[in-house]
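Q: Have a peek at entry-v8.txt (compact mmCIF, C-alpha atoms).
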# COMPACT_ATOMS: atom_id res chain seq x y z
CA MET A 1 19.26 -8.32 -18.57
CA ILE A 2 15.89 -8.78 -16.91
CA ALA A 3 12.63 -8.10 -18.71
CA LEU A 4 9.96 -6.25 -16.76
CA ILE A 5 6.62 -6.80 -18.43
CA ASP A 6 4.44 -3.70 -18.22
CA TYR A 7 0.93 -4.73 -19.26
CA LYS A 8 -0.58 -1.57 -17.75
CA ALA A 9 -1.79 -3.23 -14.55
CA GLY A 10 -0.64 -0.64 -12.07
CA ASN A 11 2.30 1.64 -11.69
CA LEU A 12 5.76 0.05 -11.78
CA THR A 13 7.87 2.95 -10.48
CA SER A 14 8.47 1.28 -7.11
CA VAL A 15 9.36 -2.08 -8.68
CA ARG A 16 11.89 -0.41 -10.99
CA LYS A 17 13.34 1.58 -8.09
CA ALA A 18 13.80 -1.51 -5.91
CA PHE A 19 15.59 -3.45 -8.66
CA ALA A 20 17.72 -0.40 -9.49
CA THR A 21 18.79 -0.16 -5.83
CA LEU A 22 19.95 -3.78 -6.04
CA GLY A 23 21.96 -2.99 -9.16
CA ALA A 24 19.79 -4.99 -11.56
CA GLU A 25 19.35 -3.87 -15.15
CA LEU A 26 15.75 -4.01 -16.28
CA TYR A 27 14.42 -3.46 -19.77
CA ASP A 28 10.92 -3.01 -21.16
CA PRO A 29 10.17 -5.54 -23.87
CA ALA A 30 8.00 -3.87 -26.52
CA PHE A 31 7.19 -7.12 -28.35
CA PRO A 32 7.08 -10.79 -27.29
CA ARG A 33 10.18 -11.50 -29.39
CA ASP A 34 12.12 -9.09 -27.15
CA LEU A 35 11.88 -11.76 -24.43
CA GLU A 36 14.31 -14.01 -26.32
CA ARG A 37 17.28 -12.13 -24.83
CA ALA A 38 15.86 -12.06 -21.27
CA GLU A 39 17.97 -13.81 -18.65
CA ALA A 40 14.94 -13.55 -16.38
CA ILE A 41 11.40 -12.17 -16.52
CA VAL A 42 9.47 -10.22 -13.90
CA VAL A 43 5.67 -10.14 -14.21
CA PRO A 44 4.34 -7.53 -11.77
CA GLY A 45 0.82 -6.13 -11.62
CA VAL A 46 -1.98 -5.06 -9.33
CA GLY A 47 -5.68 -4.85 -9.98
CA HIS A 48 -8.22 -7.04 -11.76
CA PHE A 49 -7.29 -10.47 -13.12
CA ALA A 50 -8.85 -9.48 -16.45
CA ALA A 51 -5.87 -7.13 -16.97
CA THR A 52 -3.73 -10.21 -17.60
CA SER A 53 -5.63 -10.81 -20.84
CA ALA A 54 -3.20 -8.23 -22.31
CA LEU A 55 -0.66 -11.08 -22.10
CA ASP A 56 -2.71 -13.50 -24.20
CA GLY A 57 -1.25 -14.82 -27.45
CA GLY A 58 2.32 -13.91 -28.28
CA TRP A 59 3.35 -12.85 -24.78
CA THR A 60 2.08 -16.05 -23.19
CA GLN A 61 3.90 -18.15 -25.80
CA ALA A 62 7.15 -16.24 -25.37
CA ILE A 63 6.95 -16.52 -21.57
CA ARG A 64 6.25 -20.26 -21.80
CA ALA A 65 9.27 -20.68 -24.09
CA HIS A 66 11.42 -18.74 -21.61
CA VAL A 67 10.31 -20.99 -18.73
CA ALA A 68 10.70 -24.15 -20.83
CA ALA A 69 14.30 -23.10 -21.48
CA GLY A 70 14.86 -23.21 -17.70
CA ARG A 71 15.22 -19.49 -17.19
CA PRO A 72 13.85 -17.71 -14.07
CA LEU A 73 10.50 -15.95 -13.80
CA LEU A 74 9.13 -13.95 -10.88
CA GLY A 75 5.45 -13.03 -10.57
CA ILE A 76 4.50 -10.27 -8.15
CA CYS A 77 0.95 -9.91 -6.72
CA LEU A 78 -1.34 -10.28 -9.76
CA GLY A 79 1.72 -11.74 -11.48
CA LEU A 80 1.69 -14.61 -8.95
CA GLN A 81 -2.01 -15.26 -9.51
CA TRP A 82 -1.48 -15.36 -13.28
CA LEU A 83 0.96 -18.30 -12.85
CA PHE A 84 -2.05 -20.45 -11.86
CA GLU A 85 -4.78 -21.88 -14.09
CA GLY A 86 -7.14 -18.95 -13.62
CA SER A 87 -9.11 -16.90 -11.12
CA GLU A 88 -12.75 -16.61 -10.17
CA GLU A 89 -12.24 -12.85 -10.51
CA ALA A 90 -12.30 -13.26 -14.30
CA PRO A 91 -13.32 -16.86 -15.11
CA GLU A 92 -13.14 -16.18 -18.85
CA CYS A 93 -9.40 -15.33 -18.68
CA PRO A 94 -7.04 -18.30 -18.53
CA GLY A 95 -3.91 -18.00 -16.42
CA LEU A 96 -0.48 -19.11 -17.56
CA GLY A 97 -1.21 -22.52 -16.00
CA LEU A 98 2.34 -23.30 -14.86
CA LEU A 99 1.00 -23.97 -11.37
CA ARG A 100 -2.04 -26.10 -10.51
CA GLY A 101 -5.08 -24.49 -8.91
CA ARG A 102 -7.36 -21.50 -9.33
CA CYS A 103 -7.36 -18.19 -7.45
CA TYR A 104 -10.38 -17.17 -5.40
CA ARG A 105 -11.63 -14.28 -3.28
CA LEU A 106 -10.70 -14.18 0.40
CA HIS A 107 -13.76 -15.02 2.50
CA GLY A 108 -13.02 -12.57 5.32
CA ASN A 109 -13.78 -15.30 7.86
CA GLY A 110 -14.42 -13.87 11.30
CA SER A 111 -15.61 -10.53 9.87
CA LEU A 112 -12.14 -9.61 8.65
CA LYS A 113 -11.89 -6.89 6.06
CA VAL A 114 -11.33 -7.75 2.40
CA PRO A 115 -9.23 -6.36 0.69
CA HIS A 116 -6.35 -7.60 2.81
CA VAL A 117 -4.22 -4.48 3.14
CA GLY A 118 -1.13 -4.12 5.27
CA TRP A 119 1.73 -6.03 6.86
CA ASN A 120 1.26 -9.72 7.60
CA SER A 121 3.62 -12.55 8.45
CA LEU A 122 5.11 -15.31 6.33
CA SER A 123 5.10 -18.89 7.65
CA LEU A 124 7.81 -20.68 5.73
CA ALA A 125 6.70 -24.13 4.63
CA ARG A 126 10.17 -25.03 3.35
CA GLU A 127 13.64 -23.61 2.78
CA THR A 128 14.18 -22.56 -0.81
CA PRO A 129 16.53 -20.14 -2.58
CA ILE A 130 13.89 -17.38 -2.92
CA VAL A 131 13.41 -17.12 0.87
CA LYS A 132 17.08 -17.53 1.81
CA GLY A 133 17.91 -15.37 4.80
CA VAL A 134 14.24 -14.63 5.52
CA ALA A 135 13.09 -15.68 8.99
CA SER A 136 9.73 -17.39 9.36
CA GLY A 137 7.38 -14.83 10.89
CA SER A 138 8.88 -11.93 8.91
CA GLN A 139 6.26 -9.40 7.86
CA VAL A 140 5.66 -8.13 4.35
CA TYR A 141 3.22 -5.69 2.74
CA PHE A 142 0.08 -7.01 1.02
CA THR A 143 -2.76 -5.33 -0.85
CA HIS A 144 -5.18 -7.70 -2.61
CA SER A 145 -8.59 -9.39 -2.39
CA PHE A 146 -7.92 -12.58 -4.35
CA VAL A 147 -5.48 -15.34 -3.39
CA ALA A 148 -3.90 -18.52 -4.70
CA PRO A 149 -4.53 -21.83 -2.95
CA VAL A 150 -1.94 -23.55 -0.75
CA THR A 151 -0.51 -26.46 -2.77
CA ASP A 152 2.72 -28.47 -3.07
CA ASP A 153 4.21 -25.44 -4.81
CA THR A 154 3.71 -23.20 -1.76
CA THR A 155 6.90 -22.01 -0.10
CA ALA A 156 5.32 -19.63 2.43
CA VAL A 157 1.80 -19.29 3.78
CA THR A 158 0.04 -16.20 5.17
CA GLU A 159 -3.26 -16.18 7.08
CA HIS A 160 -6.13 -13.72 6.75
CA GLY A 161 -9.04 -15.70 8.14
CA GLU A 162 -7.72 -18.62 6.05
CA PRO A 163 -4.31 -19.69 4.82
CA PHE A 164 -3.24 -18.70 1.32
CA ALA A 165 -0.08 -18.92 -0.79
CA ALA A 166 2.23 -15.96 -0.07
CA VAL A 167 5.28 -17.38 -1.89
CA VAL A 168 5.13 -20.10 -4.57
CA GLU A 169 7.93 -21.88 -6.41
CA ARG A 170 8.20 -24.63 -8.98
CA ASP A 171 11.54 -25.22 -10.65
CA ARG A 172 12.74 -21.74 -11.66
CA VAL A 173 9.31 -20.10 -11.53
CA ALA A 174 8.53 -18.12 -8.39
CA GLY A 175 5.74 -15.84 -7.27
CA VAL A 176 5.03 -13.57 -4.32
CA GLN A 177 1.55 -12.36 -3.39
CA PHE A 178 2.91 -9.40 -1.41
CA HIS A 179 4.89 -6.42 -2.72
CA PRO A 180 8.60 -7.04 -2.12
CA GLU A 181 9.34 -3.53 -3.40
CA LYS A 182 7.27 -2.14 -0.50
CA SER A 183 8.25 -4.63 2.18
CA GLY A 184 11.38 -3.03 3.59
CA ASP A 185 14.51 -5.12 4.13
CA VAL A 186 12.66 -8.45 3.93
CA GLY A 187 11.28 -7.57 0.50
CA LEU A 188 14.67 -6.44 -0.79
CA GLN A 189 16.21 -9.70 0.45
CA ILE A 190 13.69 -11.71 -1.59
CA LEU A 191 14.39 -9.65 -4.71
CA ARG A 192 18.13 -10.10 -4.09
CA ASN A 193 17.59 -13.88 -3.83
CA PHE A 194 15.77 -13.82 -7.15
CA LEU A 195 18.64 -11.88 -8.75
CA ASP A 196 21.18 -14.32 -7.28
CA ALA A 197 19.37 -17.13 -9.08
CA VAL A 198 19.58 -15.35 -12.44
CA MET B 1 -2.45 -12.14 11.49
CA LEU B 2 -2.75 -8.77 9.78
CA SER B 3 -0.89 -6.09 11.74
CA LYS B 4 -2.36 -2.77 12.74
CA ARG B 5 -0.41 -0.15 10.84
CA ILE B 6 1.34 2.87 12.32
CA ILE B 7 1.60 5.65 9.77
CA ALA B 8 3.64 8.81 10.14
CA CYS B 9 2.36 11.90 8.41
CA LEU B 10 4.70 14.55 7.14
CA ASP B 11 2.74 17.77 6.74
CA VAL B 12 4.86 19.59 4.23
CA ARG B 13 4.95 23.22 3.18
CA SER B 14 7.65 24.62 0.89
CA GLY B 15 9.77 21.50 1.34
CA HIS B 16 9.69 21.57 5.16
CA VAL B 17 7.70 19.51 7.60
CA VAL B 18 5.32 21.61 9.65
CA LYS B 19 2.59 20.71 12.08
CA GLY B 20 -0.24 22.88 13.27
CA VAL B 21 -2.80 22.75 16.02
CA ASN B 22 -6.33 22.60 14.60
CA PHE B 23 -4.85 23.30 11.16
CA GLU B 24 -3.53 26.71 12.30
CA GLY B 25 -0.34 28.12 13.85
CA LEU B 26 2.26 26.10 11.98
CA ARG B 27 5.75 25.56 13.33
CA SER B 28 8.64 23.87 11.57
CA ALA B 29 9.47 20.27 12.44
CA GLY B 30 12.27 19.51 10.03
CA ASP B 31 13.49 18.09 6.78
CA PRO B 32 11.14 15.48 5.25
CA SER B 33 13.87 13.08 4.06
CA GLU B 34 15.60 13.16 7.41
CA LEU B 35 12.37 12.44 9.27
CA ALA B 36 11.41 9.70 6.82
CA ARG B 37 14.77 7.98 7.37
CA ARG B 38 14.37 8.15 11.12
CA TYR B 39 10.86 6.71 11.02
CA ASN B 40 11.95 3.91 8.71
CA ARG B 41 14.76 2.96 11.10
CA GLU B 42 12.26 2.90 13.95
CA GLY B 43 9.91 0.61 12.03
CA ILE B 44 7.19 2.87 10.67
CA ASP B 45 4.78 0.88 8.46
CA GLU B 46 3.90 3.60 5.99
CA LEU B 47 4.42 7.29 5.29
CA VAL B 48 2.05 10.01 4.17
CA ILE B 49 3.29 13.27 2.70
CA LEU B 50 0.60 15.90 2.90
CA ASP B 51 1.09 19.20 1.12
CA ILE B 52 -1.06 21.01 3.66
CA THR B 53 -1.23 24.36 2.01
CA ALA B 54 -1.84 23.02 -1.47
CA THR B 55 -5.61 23.29 -1.50
CA ILE B 56 -5.66 26.78 -0.08
CA GLU B 57 -2.87 28.16 -2.19
CA ALA B 58 -3.80 26.02 -5.20
CA ARG B 59 -0.37 24.46 -5.25
CA ARG B 60 0.53 21.02 -6.48
CA ALA B 61 2.08 18.37 -4.25
CA LEU B 62 5.79 18.86 -4.11
CA ALA B 63 7.29 16.39 -6.56
CA GLN B 64 10.78 17.08 -5.32
CA THR B 65 9.93 16.20 -1.74
CA ILE B 66 8.15 13.03 -2.84
CA HIS B 67 11.09 12.01 -4.97
CA ALA B 68 13.61 12.62 -2.19
CA VAL B 69 11.62 10.53 0.28
CA ALA B 70 10.68 7.74 -2.16
CA ARG B 71 14.27 7.31 -3.37
CA GLU B 72 15.47 5.65 -0.20
CA LEU B 73 12.38 4.05 1.30
CA PHE B 74 10.86 0.68 0.45
CA ILE B 75 7.62 0.98 2.38
CA PRO B 76 4.30 2.36 1.10
CA LEU B 77 4.26 6.10 0.49
CA ALA B 78 1.05 8.07 0.08
CA VAL B 79 0.81 11.66 -1.08
CA GLY B 80 -2.05 14.08 -0.60
CA GLY B 81 -2.85 17.75 -0.69
CA GLY B 82 -3.73 19.61 -3.83
CA ILE B 83 -4.57 16.56 -5.92
CA HIS B 84 -7.49 17.83 -7.99
CA THR B 85 -7.08 16.07 -11.30
CA GLU B 86 -5.73 12.88 -12.84
CA ALA B 87 -2.73 14.94 -13.98
CA ASP B 88 -1.99 15.96 -10.37
CA ALA B 89 -2.20 12.31 -9.32
CA ALA B 90 0.03 11.25 -12.20
CA ALA B 91 2.68 13.78 -11.13
CA ALA B 92 2.66 12.35 -7.59
CA VAL B 93 2.82 8.75 -8.84
CA GLU B 94 5.63 9.54 -11.27
CA ALA B 95 7.57 11.19 -8.45
CA GLY B 96 7.33 7.93 -6.50
CA ALA B 97 4.02 7.86 -4.60
CA ASP B 98 2.36 4.44 -4.25
CA LYS B 99 -0.96 5.95 -3.23
CA VAL B 100 -2.62 9.30 -3.71
CA SER B 101 -5.01 10.84 -1.25
CA VAL B 102 -7.88 12.99 -2.48
CA ASN B 103 -10.11 15.10 -0.27
CA THR B 104 -11.77 18.32 -1.48
CA ALA B 105 -11.51 17.31 -5.14
CA ALA B 106 -13.35 14.03 -4.46
CA LEU B 107 -16.18 15.92 -2.75
CA THR B 108 -16.47 18.34 -5.66
CA ASN B 109 -16.03 15.69 -8.32
CA PRO B 110 -16.64 12.15 -6.96
CA THR B 111 -15.99 10.59 -10.39
CA LEU B 112 -12.31 11.42 -9.83
CA ILE B 113 -12.21 8.50 -7.34
CA THR B 114 -13.34 6.07 -10.04
CA SER B 115 -11.05 7.41 -12.74
CA LEU B 116 -8.03 7.18 -10.40
CA ALA B 117 -9.02 3.65 -9.33
CA ARG B 118 -9.31 2.58 -12.98
CA ARG B 119 -5.93 4.05 -13.82
CA TYR B 120 -3.89 2.95 -10.79
CA GLY B 121 -6.05 0.36 -9.00
CA SER B 122 -8.10 0.91 -5.86
CA GLN B 123 -5.10 0.09 -3.67
CA ALA B 124 -3.57 3.38 -4.85
CA VAL B 125 -6.57 5.57 -4.00
CA ILE B 126 -7.14 6.99 -0.53
CA VAL B 127 -10.12 9.21 0.10
CA ALA B 128 -9.32 11.57 2.97
CA ILE B 129 -12.26 12.75 5.01
CA ASP B 130 -12.01 15.62 7.51
CA ALA B 131 -14.99 15.55 9.86
CA LYS B 132 -16.25 16.69 13.21
CA LYS B 133 -19.15 15.87 15.45
CA SER B 134 -22.26 17.88 14.71
CA GLY B 135 -25.30 16.84 16.72
CA ASP B 136 -25.94 13.17 15.99
CA ILE B 137 -23.72 12.90 12.93
CA PHE B 138 -20.13 13.45 11.90
CA ALA B 139 -20.10 16.33 9.44
CA VAL B 140 -17.61 16.40 6.56
CA TYR B 141 -15.57 19.53 5.82
CA ALA B 142 -13.69 20.48 2.67
CA ARG B 143 -10.82 22.84 1.98
CA SER B 144 -8.66 21.83 4.97
CA GLY B 145 -11.57 21.95 7.37
CA LYS B 146 -12.74 25.40 6.30
CA THR B 147 -15.96 24.71 4.40
CA SER B 148 -18.87 22.47 5.33
CA ALA B 149 -19.50 19.84 2.68
CA ASP B 150 -23.03 19.10 3.90
CA ARG B 151 -22.23 15.40 4.05
CA ASP B 152 -22.30 12.78 6.77
CA ALA B 153 -18.91 11.07 7.15
CA VAL B 154 -20.31 7.50 7.24
CA GLU B 155 -22.46 8.06 4.19
CA TRP B 156 -19.64 9.77 2.25
CA ALA B 157 -17.15 7.02 3.18
CA ARG B 158 -19.61 4.38 1.90
CA GLU B 159 -19.98 6.27 -1.36
CA ALA B 160 -16.21 6.63 -1.70
CA GLU B 161 -15.80 2.86 -1.23
CA ALA B 162 -18.48 2.16 -3.84
CA ARG B 163 -16.74 4.51 -6.28
CA GLY B 164 -13.45 2.63 -5.96
CA ALA B 165 -11.53 4.06 -2.98
CA GLY B 166 -9.08 1.56 -1.49
CA GLU B 167 -8.74 3.18 1.92
CA ILE B 168 -10.28 5.98 3.96
CA LEU B 169 -8.09 8.44 5.88
CA LEU B 170 -10.43 9.83 8.52
CA THR B 171 -9.28 12.94 10.39
CA SER B 172 -11.09 14.40 13.35
CA ILE B 173 -11.00 18.19 13.03
CA ASP B 174 -11.97 18.51 16.71
CA ARG B 175 -8.98 16.42 17.84
CA ASP B 176 -6.34 17.35 15.26
CA GLY B 177 -3.21 18.62 16.97
CA THR B 178 -4.82 18.59 20.44
CA LYS B 179 -3.18 15.35 21.69
CA SER B 180 -6.43 14.56 23.52
CA GLY B 181 -6.96 11.19 21.82
CA PHE B 182 -8.44 9.93 18.55
CA ASP B 183 -12.17 10.31 17.98
CA CYS B 184 -12.89 6.60 18.57
CA ALA B 185 -16.67 6.97 18.20
CA MET B 186 -16.32 8.52 14.75
CA THR B 187 -13.65 6.04 13.66
CA ALA B 188 -15.71 3.04 14.79
CA ALA B 189 -18.82 4.38 13.04
CA VAL B 190 -16.99 4.70 9.72
CA SER B 191 -14.86 1.53 10.04
CA SER B 192 -17.85 -0.69 10.88
CA ALA B 193 -19.70 0.56 7.82
CA LEU B 194 -16.92 -0.35 5.34
CA SER B 195 -14.94 -3.31 3.98
CA ILE B 196 -11.94 -1.17 3.08
CA PRO B 197 -9.40 -0.13 5.74
CA VAL B 198 -9.86 3.03 7.77
CA ILE B 199 -6.85 5.05 8.88
CA ALA B 200 -7.64 7.08 11.99
CA SER B 201 -6.06 10.50 12.31
CA GLY B 202 -6.14 13.48 14.63
CA GLY B 203 -5.55 13.60 18.36
CA ALA B 204 -2.74 11.15 19.10
CA GLY B 205 -1.10 12.23 22.36
CA THR B 206 -0.29 9.11 24.37
CA LEU B 207 0.50 5.47 23.71
CA ASP B 208 -2.86 4.43 25.10
CA HIS B 209 -4.65 6.63 22.58
CA PHE B 210 -3.39 4.18 19.93
CA VAL B 211 -4.58 1.21 22.00
CA ASP B 212 -8.02 2.84 22.20
CA VAL B 213 -8.32 3.56 18.49
CA PHE B 214 -7.34 -0.01 17.54
CA THR B 215 -9.82 -1.54 20.01
CA THR B 216 -12.92 0.62 20.60
CA GLY B 217 -12.18 2.72 17.48
CA ARG B 218 -11.88 -0.39 15.24
CA ALA B 219 -9.22 1.37 13.17
CA ASP B 220 -7.08 -0.62 10.74
CA ALA B 221 -4.27 1.92 10.89
CA ALA B 222 -3.48 5.02 12.89
CA LEU B 223 -1.74 8.10 11.64
CA ALA B 224 0.11 10.67 13.66
CA ALA B 225 2.47 13.54 13.05
CA SER B 226 3.55 15.70 15.96
CA ILE B 227 3.84 12.86 18.49
CA PHE B 228 6.63 11.42 16.33
CA HIS B 229 8.16 14.61 14.90
CA TYR B 230 9.32 16.06 18.17
CA ALA B 231 10.67 12.66 19.28
CA GLU B 232 8.24 12.53 22.16
CA THR B 233 7.50 8.93 21.26
CA SER B 234 9.53 6.62 19.08
CA VAL B 235 7.68 4.36 16.69
CA ARG B 236 9.38 1.33 18.20
CA HIS B 237 8.34 2.25 21.73
CA LEU B 238 4.74 2.69 20.57
CA LYS B 239 4.73 -0.69 18.82
CA GLU B 240 6.16 -2.46 21.86
CA HIS B 241 3.40 -0.88 23.94
CA LEU B 242 0.74 -2.12 21.51
CA HIS B 243 2.30 -5.58 21.29
CA ALA B 244 2.30 -5.89 25.09
CA ARG B 245 -1.44 -5.18 25.02
CA GLY B 246 -2.17 -7.89 22.51
CA ILE B 247 -2.51 -5.67 19.44
CA PRO B 248 -0.81 -7.20 16.38
CA VAL B 249 1.97 -4.99 15.04
CA ARG B 250 5.07 -5.40 12.88
CA LEU B 251 8.09 -5.35 15.19
I need this file expressed as structure tokens, please.
A:
Amino acid sequence: MIALIDYKAGNLTSVRKAFATLGAELYDPAFPRDLERAEAIVVPGVGHFAATSALDGGWTQAIRAHVAAGRPLLGICLGLQWLFEGSEEAPECPGLGLLRGRCYRLHGNGSLKVPHVGWNSLSLARETPIVKGVASGSQVYFTHSFVAPVTDDTTAVTEHGEPFAAVVERDRVAGVQFHPEKSGDVGLQILRNFLDAV
Amino acid sequence: MLSKRIIACLDVRSGHVVKGVNFEGLRSAGDPSELARRYNREGIDELVILDITATIEARRALAQTIHAVARELFIPLAVGGGIHTEADAAAAVEAGADKVSVNTAALTNPTLITSLARRYGSQAVIVAIDAKKSGDIFAVYARSGKTSADRDAVEWAREAEARGAGEILLTSIDRDGTKSGFDCAMTAAVSSALSIPVIASGGAGTLDHFVDVFTTGRADAALAASIFHYAETSVRHLKEHLHARGIPVRL
């Protein structure tokens, strides 16, 4: 069973639908203690980083315990950003801090528009389980203004005036900045890879 | 590099896809799910379902149609037409829409843009603007192009962005259904004034019309209906044409 954490940052219908199509059973944990039985956790979310403050306290502790036990976690969009130490979007809100670095606003170098909305390509920095079967250059659907920095934990990079982390991985913790549930076959392949690891 | 998006619009009435010329004289173009499947196979980047008669007949967007299309597609799906309240938007989102498009209701009650953006995030809120050239400005029309809104399109688009819109869907009333090309001057005027993406709509007739709207029109995305519905142009063929001319697309 996979826990989908709904902290009211955006609508999760599409995420649920994509996992259902892949045959995965999701459940909605009502309390942090409900995460004890999770084989894996998905932290989705769109919108302002401050929304992640709903995860402070008990949720953060339960998620840390889950990760410390070596069980998989996938962060999607805002969920990826939350894996880092924090974001300049809401400096007062700490992130989960599993990954080093802080998120920042895209600069829109070269008069590019921010938010970054639409299909853009993944440059794979390394071969890992989460991107198995995904060709470098594959396009996925993004919609965001803030990004995570490229670090040793970056599996795939995307450019929008500057490079940023599109896929991150450390041990059994993974994150994607794009929306795999809206990224056609490539997105479904990445979700399938995550499920295979569970 | 960020791709220019090609969006297919399904103008739906009573569960069927229809397409008119200048918003009048509708003729049937098929089953929405069937069309959506075909476009997805051909590589469409996004779909819009527009309940075109909703505003006039005060009908709500067709949840059943949305559900049928959303069930099998894993690309962004926007729904518009007849979304007047948060409850209307919620019905569309629950049926499977990723984005809702508001037009007349946003003009009448601009705070709706902000309340929808707070509830679903700006990325889920499209403000649709129907406009046509009027002297030196582009004049906005409400109620499916029937009533003047006494607004300038550039100024209204800026306000919509400030109120929390995530994208602007800009339709040229003059060009809609004519296949004489997008209104590149209007699109460029609005797109240059905003940070959020502008989807150009109305007038697609040839492959080069898309080239024009992505270059001189400065559009971030282009939407078309009839050019795809009657299989005059496949999405793949269009994208190959754009790619050959140096325009970034998802192939």
Q: Please identify every residue of chain B that has at least one atom no farther than 6 Å from an atom of chain A, counting all atoms listed in the file, and for each give the shortest atom pair and the distance in Å to one decimal, arranged by chain then increasing number, as CSV.
A:
residue,atom,partner,partner_atom,distance
B:Met1,CA,A:Asn120,CA,5.9
B:Leu2,CA,A:Asn120,CA,4.7
B:Ser3,CA,A:Trp119,CA,5.5
B:Phe74,CA,A:Lys182,CA,4.7
B:Ile75,CA,A:Lys182,CA,4.3
B:Pro76,CA,A:Lys182,CA,5.6
B:Tyr120,CA,A:Gly10,CA,5.0
B:Gly121,CA,A:Gly47,CA,5.3
B:Ser195,CA,A:Lys113,CA,5.1
Q: Kindly extract all protein, DNA and RNA residues lying within 12 Å of the coordinates (10.8, 5.5, 18.0) given in the file, considering all atoms listed in the file, and supply them as a list in words.
A: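 Neighbouring residues, ordered by chain and number, come to Ile6, Ala8, Leu35, Ala36, Arg37, Arg38, Tyr39, Asn40, Arg41, Glu42, Gly43, Ile44, Leu207, Ile227, Phe228, His229, Tyr230, Ala231, Glu232, Thr233, Ser234, Val235, Arg236, His237, Leu238, Lys239, Glu240, His241 and Leu251 of chain B.
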Q: As an exercise, work out the distance from atom CA of B:Lys132 to atom CA of B:Val213 in Å and give it to one decimal place.
A: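 Going from atom CA of B:Lys132 over to atom CA of B:Val213, I get 16.2 Å.
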Q: Residues at most 6 Å from stretch 1-5 of chain A, counting only C-alpha atoms, excluding those fewer than 4 positions away in the same chain, as a list in words?
A: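 Near neighbours after the sequence-gap exclusion: Glu25, Leu26, Tyr27, Asp28, Ala38, Glu39, Ala40, Ile41, Val42 and Val43 of chain A.
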